[in-house]
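Take a look at the structure set out below.
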Amino acid sequence: MNQTLLLLIVILPFASAAIMGMAYLFTSLRDERIYSFIGIATPVAVTLFSLILGVQMLSNDTTFVIHSTLFEWLHIGEFQIAFSLMADRLSAVMISFVSLIGTLIHIYASGYMRDDIGYGKFFAYFNFFLGAMLLLVLAQNPIIMFIGWELVGLASYLLIGFYHQESGNITAANKAFIVNRIGDFGFVIGLALLFLAIGDKGFGFDAIRAHISLVDPGLLAPIGILLFVGAMGKSAQIPLYVWLPDAMAGPTPVSALIHAATMVTAGVYMVARFDFLYELIPSVGLFIATIGIASALFAAIIACMQSDIKKILAYSTMSQLGYMFVAVGLGAYSAGIFHVFTHAFFKALLFMGAGAVIIALHHEQDIFKMGGLKTRLPLIFATMLVATLAISGIPPFAGFFSKDAILVHAFAGGHIYIWAIGVLTAFLTAYYMFRLFLIVFITPAKTAHRTTEVGMSMKWPLAVLATGSALTGFLGANEAYGGSNLFGTFIHLGDRVHHVDHSTEYLLGGLSVAVALAGMMLAYLRFGKGASEPKADTPWRALAINKFYIDEIYNALVVVPLRYLSILFDRFDTLFVDGTINLMLLGYRGAADAFGTLQNGKVRYYALYILIGISLLSLAMLRMTRSPL
Amino acid sequence: MNMILTLIIFIPILGALLGSLVRASIPLLRLLAIVTSLFVLGLSWILAWYFDPHAGMQFVHIAPWIQNYGITYYVGVDALSLVLLLMITLIMPLLYLYMWREKRHGYWYNMMALQTGVLGAVLSLDLILFYLFWETMLLPVFIMIGRYGNTDNQYNAMRIVVMTIFGSMAMLFSMLYMGYLFFQSHGFWSFSYNDIASLSLDPRTSIVVAAGFLLAFAIKIPLPLFHTWMAPAYGSSPTPAVVILSSIMAKLGIYGIWRFGFGLFESTLEYYVTPLIVFALIGVIFYAIHAIMEPNLRRMFAYSSGSHLSLILLGLMLENVYTWNGSLYLVATHALASAGILIMIGMIYRRVRSITIDDLGGIAQVAPRFAFFFSFFALSIAGLPGTGGFVAELLIIIGAFKYSMIVGVFAALTMIAAITFVFWMLQRTLFGAPSTVTAGFQDLGRIDLLILTPLALLLLLTGLAPSLFTQLFEPALLEMLQAIGRYR
């Protein structure tokens, strides 16, 4: 029963994606109701199944794991990989919120995509994504996980480039796939090394956990780093983050589901999945945390200077992902996953709210062309307020508890720098989020604009997510805040525990809140009354507005040289390789010409040849007769 | 049962002969070609059904031929040739379907002769017989390019023939010399694979003789520096010939090294291993980068093909259980994907009379089905999970790390190599706004779907359940590796 459910969770979305895709491609069926019914029924069913599994996890002890094997995928020598799924507590939590938020965003999308010519295609891709994400999460071994990992990338590519008539969207989609593949290059090497070290004893996560101590300690650190390189790509961390802001070219539900709530957190999930590995290499963990905190700060700085509502949110996602990597890098796996969990609610909400605003304003994305929408879009205003407070870390909203847990852990572990930068980033987060919120909803608009009504299907998912953003924090509240860290206890990962007394906890929490309030205050002072676009009047500002020119640098260092190299190779072929061959042919022809001139038709030359011939023959005969034979 | 291979080899050319005897009309020729190729396909499936993965060489058929010189008609099939056989017999009927509206008689005759040539080369176990088929398959290609090709076709046809014959001459000398050596030591002539394999040559002779074979195969694959016939030939070929060049003939170069290189010169090959690995690694990267700026689709996939064949060769030379299985799997899956993409490029040419990327664009908007299949094949060439190419590349990468860290890192670059050109190509071909050329682009018709669907489904199946296919050859490759001491 459980095994069947587990299989269905993965197979259903793929099956419905295939059915809808075929229907869209090969029939003239364009009825939106049919596609939205199939498209939404699937995640609803998957959510139900996930909850059934999750409830059983609650009532059993931590060793309760559901396995389900479909068939032997590949068996070459010692390389034995089964197409196998596994639900333990960590993956059960992941699939529950992925499918729940997935369902809400599907419902929202049924309104957002209304009257779009590619409606059916959209839901086919969306279900396909869901299947790939669930496969990634439920994989029993890293190889199957990697398949899901790449397939979510494919879904992301397809959906970023959903409006493929715009060539620019495809450029963004290509960038996403290629940058992710560069990360996967590292990931695959990590997997290959891990396999060669202990793969002969089985390559399921359980087997790897059991035999990890047999790996040469010198090899563990490279493996850990290489796997993390994959996470850098997928979860948009320095230096492989460049695709995420551009990925906002996709329709807004895509940004909400894939590029905020689920796919981009796969890297964090992967590190938590390999907690037993990273526990043995704390120095690599520190490296991960450093990359994380650097990404968090870097993205927050850029976010302060952007004017496209979706790009601000994209940088904010990158920044929050940085916090998550700080957590998993420093051994607070459950805190990291908890932030993944709460972030999924409020970030999905922010994107969906932004999408509703964009739709209401006829596809306007520049916040400086919005303003004063509080009265026109009251429900969106209210839900966005909840989400903004949540991400800024104001209690009792969800973000406070999850972010605070990470910062406290960093502080207690003695990583004061990381903690301090984390607090600074929290300040910037509150600043840029309230900047966005104020400019869009409060500050009076400079130009009047007409708004269209936003449909119900787009509204009530916002309300559900707002409830989630407000309340889910209590699931992970620790003793100091009157909770008992239900979330962390439940998912049961190999956390490094630091004891922190309540007074320190209050002090740090109070500081974070104060900093966040200061950020909000600053935003209010600067943008509360009137807002204008950021001007590049100082070099530093120009740098931040232009995103530190990282895209241009990558372009000059990688893309352009590759193209020149390609042209150079072509020259090499024609000049050198063909040149050599032609030279040989030339020699051949030269020899032919030389022999040709001998045969010139003049009798006196022929007489000469005869003379030479006879002389040589005579000489030869003379030598033969002189020989002692 | 031991006639089955002979039937498989000769039925296509018998069909052609029959057609020429009765001066067949085009519909009859089409019928002949399709029926014979389907019959051969059926036979090869029966063969695969009765094939025992643990039994080595099977369905052997030996008949005396030129007795004075010990030349025999000697055919047989093992796991290695079975994979190629299945691949060829599957692709041929699809190519005939693609040629459905072809009005030129010679086109059909040449293709049928070509089928016999490639099948014979894969199944022969007598050196001279192999050589005969090896050259037999070149002649129809020469005619196809020279007579039915485009843009500098005659020059490019000459070029491919001169360069490949240069290699095969070297191979012929090596074969004759080995036959002579056998005559010297045994007193009678033989060119049979087993007899020649039993010869023990002194190292110096062996190195020189092996070079003859390797040169022929290196040009056929082709390795970098032996490759300048490739892109022009691909560019000028009509589609059916280009599919055979990429999906079948290039793979025969690999097959040759596998069969004759490892079979006859196993101990000598170690002198060549390092340079060949270096060549192969350079090839993977060189061809991929070369493809980036290539403006012609067919030539672009010539380079793409070169990149993958270099990877296959790399796997072959690394000689371990992962790379060998990966390489053989890639032989099959790349053949499928490459056939798919090249046939579709042919379909583009038929519709808009151009395969220059700059002329295209926006096809996805006017022909969504076309775009779907085209991107599927392109992505499977890029090794996307869910297609067989991913499995093969993964195995080769793992095996490369088993060999050495540096080779492993370079081999893993194949993950990035293909995507550097595939995605940009897709963008300019399928996406954006339709150009004046592609504005009226017709979507896939029934016959088109009939050609492409089997290829796509099979590629999907090779990616989803590779075990189904690998169990056919994995035991045999293990035994071969055990025989040369590379697997305990």
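In the structure tokens, chains take letters A, B, ... by order of appearance, with residues numbered from 1 within each chain and ligands from 1 in the order shown.
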Return as a compact mmCIF listing (two decimals) with N, CA and C atoms, in the first residue's frame the residues belonging to chain B that are within 7 Å of chain A, counting only C-alpha atoms.
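New file part.txt:
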```txt
# COMPACT_ATOMS: atom_id res chain seq x y z
N LEU B 225 42.77 15.57 -36.89
CA LEU B 225 43.87 15.56 -37.86
C LEU B 225 43.60 14.61 -39.02
N THR B 228 39.41 16.03 -41.92
CA THR B 228 38.92 17.13 -42.77
C THR B 228 38.03 16.67 -43.92
N ILE B 289 33.87 22.41 -29.65
CA ILE B 289 34.08 23.84 -29.80
C ILE B 289 33.98 24.23 -31.27
N HIS B 290 34.47 23.35 -32.13
CA HIS B 290 34.40 23.59 -33.57
C HIS B 290 32.94 23.79 -34.00
N ILE B 292 30.48 25.09 -32.45
CA ILE B 292 29.76 26.26 -31.95
C ILE B 292 29.42 27.25 -33.07
N MET B 293 30.42 27.62 -33.85
CA MET B 293 30.21 28.68 -34.83
C MET B 293 29.86 28.15 -36.22
N VAL B 321 35.56 -2.12 -17.28
CA VAL B 321 34.20 -2.64 -17.46
C VAL B 321 33.18 -1.52 -17.65
N TYR B 322 33.41 -0.37 -16.97
CA TYR B 322 32.44 0.71 -17.10
C TYR B 322 32.54 1.37 -18.48
N GLY B 362 12.25 30.30 -35.34
CA GLY B 362 10.80 30.37 -35.19
C GLY B 362 10.03 29.15 -35.63
N PRO B 368 4.96 22.99 -34.07
CA PRO B 368 5.31 22.55 -32.71
C PRO B 368 5.77 21.09 -32.63
N ARG B 369 5.14 20.22 -33.42
CA ARG B 369 5.55 18.81 -33.35
C ARG B 369 6.98 18.64 -33.83
N PRO B 385 19.48 13.19 -19.04
CA PRO B 385 18.95 12.01 -18.36
C PRO B 385 17.56 11.67 -18.88
N ILE B 398 32.58 7.47 -15.14
CA ILE B 398 32.98 6.69 -13.97
C ILE B 398 34.23 5.86 -14.29
N LYS B 402 38.16 5.80 -12.88
CA LYS B 402 38.82 4.58 -12.43
C LYS B 402 40.20 4.49 -13.05
N ALA B 412 34.79 14.00 -18.15
CA ALA B 412 33.57 14.60 -17.62
C ALA B 412 33.22 15.88 -18.35
N MET B 415 30.15 16.40 -20.48
CA MET B 415 28.87 16.91 -19.96
C MET B 415 28.58 18.32 -20.44
N ILE B 416 29.65 19.11 -20.59
CA ILE B 416 29.47 20.50 -20.99
C ILE B 416 29.70 20.66 -22.48
N ILE B 419 26.54 20.78 -24.85
CA ILE B 419 25.55 21.83 -24.62
C ILE B 419 26.04 23.19 -25.10
N PHE B 423 22.36 24.18 -27.42
CA PHE B 423 21.30 25.10 -27.00
C PHE B 423 21.25 26.35 -27.85
N GLN B 427 18.10 27.57 -30.16
CA GLN B 427 17.56 28.92 -30.07
C GLN B 427 17.41 29.55 -31.45
N PHE B 431 13.47 28.73 -32.16
CA PHE B 431 12.78 29.74 -31.37
C PHE B 431 12.93 31.13 -31.98
N GLY B 432 12.39 32.09 -31.28
CA GLY B 432 12.34 33.43 -31.83
C GLY B 432 11.17 33.53 -32.80
N ALA B 433 11.12 34.63 -33.53
CA ALA B 433 10.03 34.81 -34.49
C ALA B 433 10.39 34.09 -35.79
N ALA B 465 15.24 2.49 -18.93
CA ALA B 465 15.52 1.14 -18.45
C ALA B 465 16.71 0.55 -19.18
N PRO B 466 17.89 1.13 -18.97
CA PRO B 466 19.06 0.66 -19.71
C PRO B 466 19.37 -0.82 -19.49
N SER B 467 18.98 -1.32 -18.32
CA SER B 467 19.29 -2.71 -18.01
C SER B 467 18.73 -3.67 -19.06
N GLU B 474 26.57 -7.06 -21.67
CA GLU B 474 27.46 -6.89 -20.52
C GLU B 474 28.28 -8.15 -20.22
```
Please list as a compact mmCIF listing (two decimals) with C-alpha atoms, in the first residue's frame every residue within 6 Å of range 495-508 of chain A, counting only C-alpha atoms and excluding residues in the same chain fewer than 2 positions away.
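Output (around.txt):
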```txt
# COMPACT_ATOMS: atom_id res chain seq x y z
CA GLY A 331 25.84 21.42 10.68
CA ALA A 332 22.39 22.80 11.48
CA TYR A 333 20.71 20.63 8.89
CA ALA A 480 13.18 29.90 24.43
CA LEU A 493 18.99 14.84 11.01
CA GLY A 510 16.02 40.95 19.94
CA LEU A 511 19.00 42.24 18.00
```
task: Quick one: everything within 9 Å of Leu123 in chain B, counting only C-alpha atoms, minus sequence neighbours fewer than 5 positions away in the same chain. Send it as JSON, numbers by chain.
output: {"B": [5, 9, 74, 75, 76, 77, 78, 81, 82, 85, 118, 130]}
Output for the residues just chosen: C-alpha atoms as a tab-separated table (two decimals), in the first residue's frame:
```tsv
chain	number	residue	atom	x	y	z
B	5	LEU	CA	23.56	-14.22	-41.12
B	9	ILE	CA	23.77	-9.75	-45.35
B	74	TYR	CA	33.36	-16.75	-42.67
B	75	VAL	CA	30.62	-14.90	-40.80
B	76	GLY	CA	29.49	-14.92	-37.19
B	77	VAL	CA	28.00	-12.71	-34.54
B	78	ASP	CA	28.93	-11.92	-30.97
B	81	SER	CA	28.48	-7.16	-33.69
B	82	LEU	CA	24.97	-7.88	-32.48
B	85	LEU	CA	23.58	-5.33	-36.38
B	118	VAL	CA	27.73	-2.33	-43.80
B	130	PHE	CA	35.91	-7.86	-44.16
```
Residue neighbourhood Met178 in chain B, 9 Å, only C-alpha atoms, exclusion window fewer than 3 positions, as a PyMOL selection string: chain B and resi 173-175+181-183+191+196+199+209
Near-Ala523 in chain A list (6 Å; only C-alpha atoms; drop same-chain fewer than 4 positions) as a PyMOL selection string: chain A and resi 431+434-435+527
message: Using DSSP secondary structure from the backbone, list all alpha helix (DSSP H) positions within range 112-240 of chain B, as an NGL selection string.
response: :B and (112-123 or 127-136 or 138-148 or 153-186 or 193-198 or 203-220 or 230-236 or 239-240)
Residue selection dump (C-alpha atoms) as an mmCIF file, in the first residue's frame:
```
data_model
loop_
_atom_site.group_PDB
_atom_site.id
_atom_site.type_symbol
_atom_site.label_atom_id
_atom_site.label_comp_id
_atom_site.auth_asym_id
_atom_site.auth_seq_id
_atom_site.Cartn_x
_atom_site.Cartn_y
_atom_site.Cartn_z
ATOM 1 C CA MET B 112 20.381 -1.288 -50.842
ATOM 2 C CA ALA B 113 23.948 -2.031 -51.867
ATOM 3 C CA LEU B 114 25.138 0.101 -48.984
ATOM 4 C CA GLN B 115 23.087 -1.938 -46.549
ATOM 5 C CA THR B 116 24.737 -5.148 -47.673
ATOM 6 C CA GLY B 117 28.123 -3.480 -47.398
ATOM 7 C CA VAL B 118 27.735 -2.334 -43.805
ATOM 8 C CA LEU B 119 26.054 -5.537 -42.648
ATOM 9 C CA GLY B 120 28.748 -7.623 -44.280
ATOM 10 C CA ALA B 121 31.511 -5.587 -42.679
ATOM 11 C CA VAL B 122 29.975 -6.033 -39.250
ATOM 12 C CA LEU B 123 29.525 -9.771 -39.572
ATOM 13 C CA LEU B 127 40.046 -10.498 -43.011
ATOM 14 C CA ILE B 128 39.763 -10.379 -46.781
ATOM 15 C CA LEU B 129 35.997 -10.711 -46.646
ATOM 16 C CA PHE B 130 35.915 -7.865 -44.159
ATOM 17 C CA TYR B 131 38.056 -5.756 -46.417
ATOM 18 C CA LEU B 132 35.785 -6.504 -49.347
ATOM 19 C CA PHE B 133 32.697 -5.321 -47.511
ATOM 20 C CA TRP B 134 34.601 -2.398 -46.003
ATOM 21 C CA GLU B 135 35.274 -1.080 -49.501
ATOM 22 C CA THR B 136 31.863 -2.146 -50.817
ATOM 23 C CA LEU B 138 32.381 3.164 -49.645
ATOM 24 C CA LEU B 139 31.382 2.947 -53.285
ATOM 25 C CA PRO B 140 27.656 3.667 -52.871
ATOM 26 C CA VAL B 141 28.526 6.543 -50.544
ATOM 27 C CA PHE B 142 30.802 7.939 -53.243
ATOM 28 C CA ILE B 143 27.980 7.781 -55.761
ATOM 29 C CA MET B 144 25.392 9.130 -53.350
ATOM 30 C CA ILE B 145 27.509 12.187 -52.564
ATOM 31 C CA GLY B 146 28.930 12.692 -56.032
ATOM 32 C CA ARG B 147 25.744 12.118 -57.985
ATOM 33 C CA TYR B 148 22.939 13.108 -55.625
ATOM 34 C CA ASN B 153 29.492 17.392 -54.144
ATOM 35 C CA GLN B 154 31.883 15.937 -56.672
ATOM 36 C CA TYR B 155 34.935 17.455 -55.051
ATOM 37 C CA ASN B 156 33.823 16.365 -51.593
ATOM 38 C CA ALA B 157 32.944 12.867 -52.787
ATOM 39 C CA MET B 158 36.436 12.566 -54.228
ATOM 40 C CA ARG B 159 37.883 13.845 -50.997
ATOM 41 C CA ILE B 160 36.170 11.291 -48.744
ATOM 42 C CA VAL B 161 37.066 8.448 -51.091
ATOM 43 C CA VAL B 162 40.710 9.406 -51.465
ATOM 44 C CA MET B 163 41.206 9.910 -47.748
ATOM 45 C CA THR B 164 39.440 6.753 -46.648
ATOM 46 C CA ILE B 165 41.013 4.608 -49.336
ATOM 47 C CA PHE B 166 44.398 5.878 -48.227
ATOM 48 C CA GLY B 167 43.585 4.339 -44.834
ATOM 49 C CA SER B 168 42.098 1.137 -46.160
ATOM 50 C CA MET B 169 45.097 0.524 -48.411
ATOM 51 C CA ALA B 170 47.305 0.603 -45.356
ATOM 52 C CA MET B 171 44.926 -1.864 -43.737
ATOM 53 C CA LEU B 172 44.995 -4.137 -46.771
ATOM 54 C CA PHE B 173 48.788 -4.275 -46.730
ATOM 55 C CA SER B 174 48.717 -5.193 -43.071
ATOM 56 C CA MET B 175 46.166 -7.905 -43.740
ATOM 57 C CA LEU B 176 48.120 -9.373 -46.624
ATOM 58 C CA TYR B 177 51.313 -9.296 -44.643
ATOM 59 C CA MET B 178 49.692 -11.108 -41.741
ATOM 60 C CA GLY B 179 48.335 -13.700 -44.132
ATOM 61 C CA TYR B 180 51.827 -14.122 -45.475
ATOM 62 C CA LEU B 181 53.285 -14.490 -42.000
ATOM 63 C CA PHE B 182 50.705 -17.145 -41.308
ATOM 64 C CA PHE B 183 51.751 -18.898 -44.493
ATOM 65 C CA GLN B 184 55.383 -18.741 -43.394
ATOM 66 C CA SER B 185 54.743 -20.313 -40.031
ATOM 67 C CA HIS B 186 52.095 -22.864 -41.000
ATOM 68 C CA TYR B 193 40.127 -14.149 -37.791
ATOM 69 C CA ASN B 194 40.901 -16.998 -35.398
ATOM 70 C CA ASP B 195 43.975 -18.136 -37.294
ATOM 71 C CA ILE B 196 45.400 -14.669 -37.565
ATOM 72 C CA ALA B 197 44.684 -14.012 -33.900
ATOM 73 C CA SER B 198 46.734 -17.080 -33.017
ATOM 74 C CA PRO B 203 56.771 -6.558 -31.193
ATOM 75 C CA ARG B 204 58.295 -4.437 -33.939
ATOM 76 C CA THR B 205 56.409 -6.097 -36.780
ATOM 77 C CA SER B 206 53.296 -6.043 -34.730
ATOM 78 C CA ILE B 207 53.514 -2.296 -34.106
ATOM 79 C CA VAL B 208 53.864 -1.584 -37.802
ATOM 80 C CA VAL B 209 51.131 -3.985 -38.864
ATOM 81 C CA ALA B 210 48.743 -2.641 -36.237
ATOM 82 C CA ALA B 211 49.409 0.877 -37.510
ATOM 83 C CA GLY B 212 47.875 -0.066 -40.856
ATOM 84 C CA PHE B 213 44.638 -1.123 -39.236
ATOM 85 C CA LEU B 214 44.548 1.833 -36.861
ATOM 86 C CA LEU B 215 45.081 4.301 -39.678
ATOM 87 C CA ALA B 216 42.075 2.964 -41.554
ATOM 88 C CA PHE B 217 39.885 3.137 -38.471
ATOM 89 C CA ALA B 218 41.193 6.524 -37.334
ATOM 90 C CA ILE B 219 40.227 8.025 -40.684
ATOM 91 C CA LYS B 220 36.838 6.361 -40.641
ATOM 92 C CA MET B 230 34.147 14.739 -42.526
ATOM 93 C CA ALA B 231 32.401 18.105 -42.460
ATOM 94 C CA PRO B 232 32.503 18.605 -46.257
ATOM 95 C CA ALA B 233 31.212 15.080 -46.844
ATOM 96 C CA TYR B 234 28.398 15.578 -44.344
ATOM 97 C CA GLY B 235 27.601 18.934 -45.836
ATOM 98 C CA SER B 236 27.336 17.590 -49.359
ATOM 99 C CA THR B 239 20.305 12.775 -45.969
ATOM 100 C CA PRO B 240 20.186 8.955 -46.157
#
```
Tell me which protein, DNA and RNA residues are within 10 Å of Pro64 in chain B, counting only C-alpha atoms, leaving out same-chain ones fewer than 5 positions away, and put them as a PDB file with N, CA and C atoms, in the first residue's frame.
```pdb
ATOM      1  N   GLY B  70      43.497 -19.573 -48.968  1.00  0.00           N
ATOM      2  CA  GLY B  70      42.881 -19.743 -47.660  1.00  0.00           C
ATOM      3  C   GLY B  70      41.854 -18.673 -47.335  1.00  0.00           C
ATOM      4  N   ILE B  71      41.272 -18.059 -48.354  1.00  0.00           N
ATOM      5  CA  ILE B  71      40.262 -17.029 -48.096  1.00  0.00           C
ATOM      6  C   ILE B  71      38.915 -17.728 -47.985  1.00  0.00           C
ATOM      7  N   THR B  72      38.234 -17.496 -46.900  1.00  0.00           N
ATOM      8  CA  THR B  72      36.963 -18.183 -46.685  1.00  0.00           C
ATOM      9  C   THR B  72      35.835 -17.186 -46.557  1.00  0.00           C
ATOM     10  N   TYR B  73      34.640 -17.709 -46.803  1.00  0.00           N
ATOM     11  CA  TYR B  73      33.457 -16.944 -46.449  1.00  0.00           C
ATOM     12  C   TYR B  73      33.152 -17.318 -45.012  1.00  0.00           C
ATOM     13  N   TYR B  74      33.408 -16.409 -44.099  1.00  0.00           N
ATOM     14  CA  TYR B  74      33.358 -16.747 -42.669  1.00  0.00           C
ATOM     15  C   TYR B  74      32.603 -15.623 -41.961  1.00  0.00           C
TER      16      TYR B  74
END
```
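Residues in contact with Leu477 in chain B at 8 Å, where only C-alpha atoms are counted and same-chain residues fewer than 2 positions away are skipped, are listed as Ala79, Val321, Trp324, Asn325, Phe473, Glu474, Pro475, Glu479, Met480 and Leu481 of chain B.
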Write out as JSON lines the residues of range 519-607 of chain A that have any atom within 12 Å of an atom of range 293-301 of chain A, one row each with the nearest atom pair and its distance in Å to one decimal, counting only C-alpha atoms, sorted by chain and then rising number.
```
{"residue": "A:Trp540", "atom": "CA", "partner": "A:Ile301", "partner_atom": "CA", "distance": 10.8}
{"residue": "A:Arg541", "atom": "CA", "partner": "A:Ile301", "partner_atom": "CA", "distance": 10.0}
{"residue": "A:Leu543", "atom": "CA", "partner": "A:Ile301", "partner_atom": "CA", "distance": 10.3}
{"residue": "A:Ala544", "atom": "CA", "partner": "A:Ile301", "partner_atom": "CA", "distance": 6.9}
{"residue": "A:Ile545", "atom": "CA", "partner": "A:Ile301", "partner_atom": "CA", "distance": 9.3}
{"residue": "A:Asn546", "atom": "CA", "partner": "A:Ile301", "partner_atom": "CA", "distance": 11.4}
{"residue": "A:Lys547", "atom": "CA", "partner": "A:Ala299", "partner_atom": "CA", "distance": 8.9}
{"residue": "A:Phe548", "atom": "CA", "partner": "A:Phe298", "partner_atom": "CA", "distance": 9.6}
{"residue": "A:Ile550", "atom": "CA", "partner": "A:Phe298", "partner_atom": "CA", "distance": 11.6}
```
statement: Correct to one decimal, the distance CA of Leu373 in chain A-CA of Gly473 in chain A is 28.3 Å
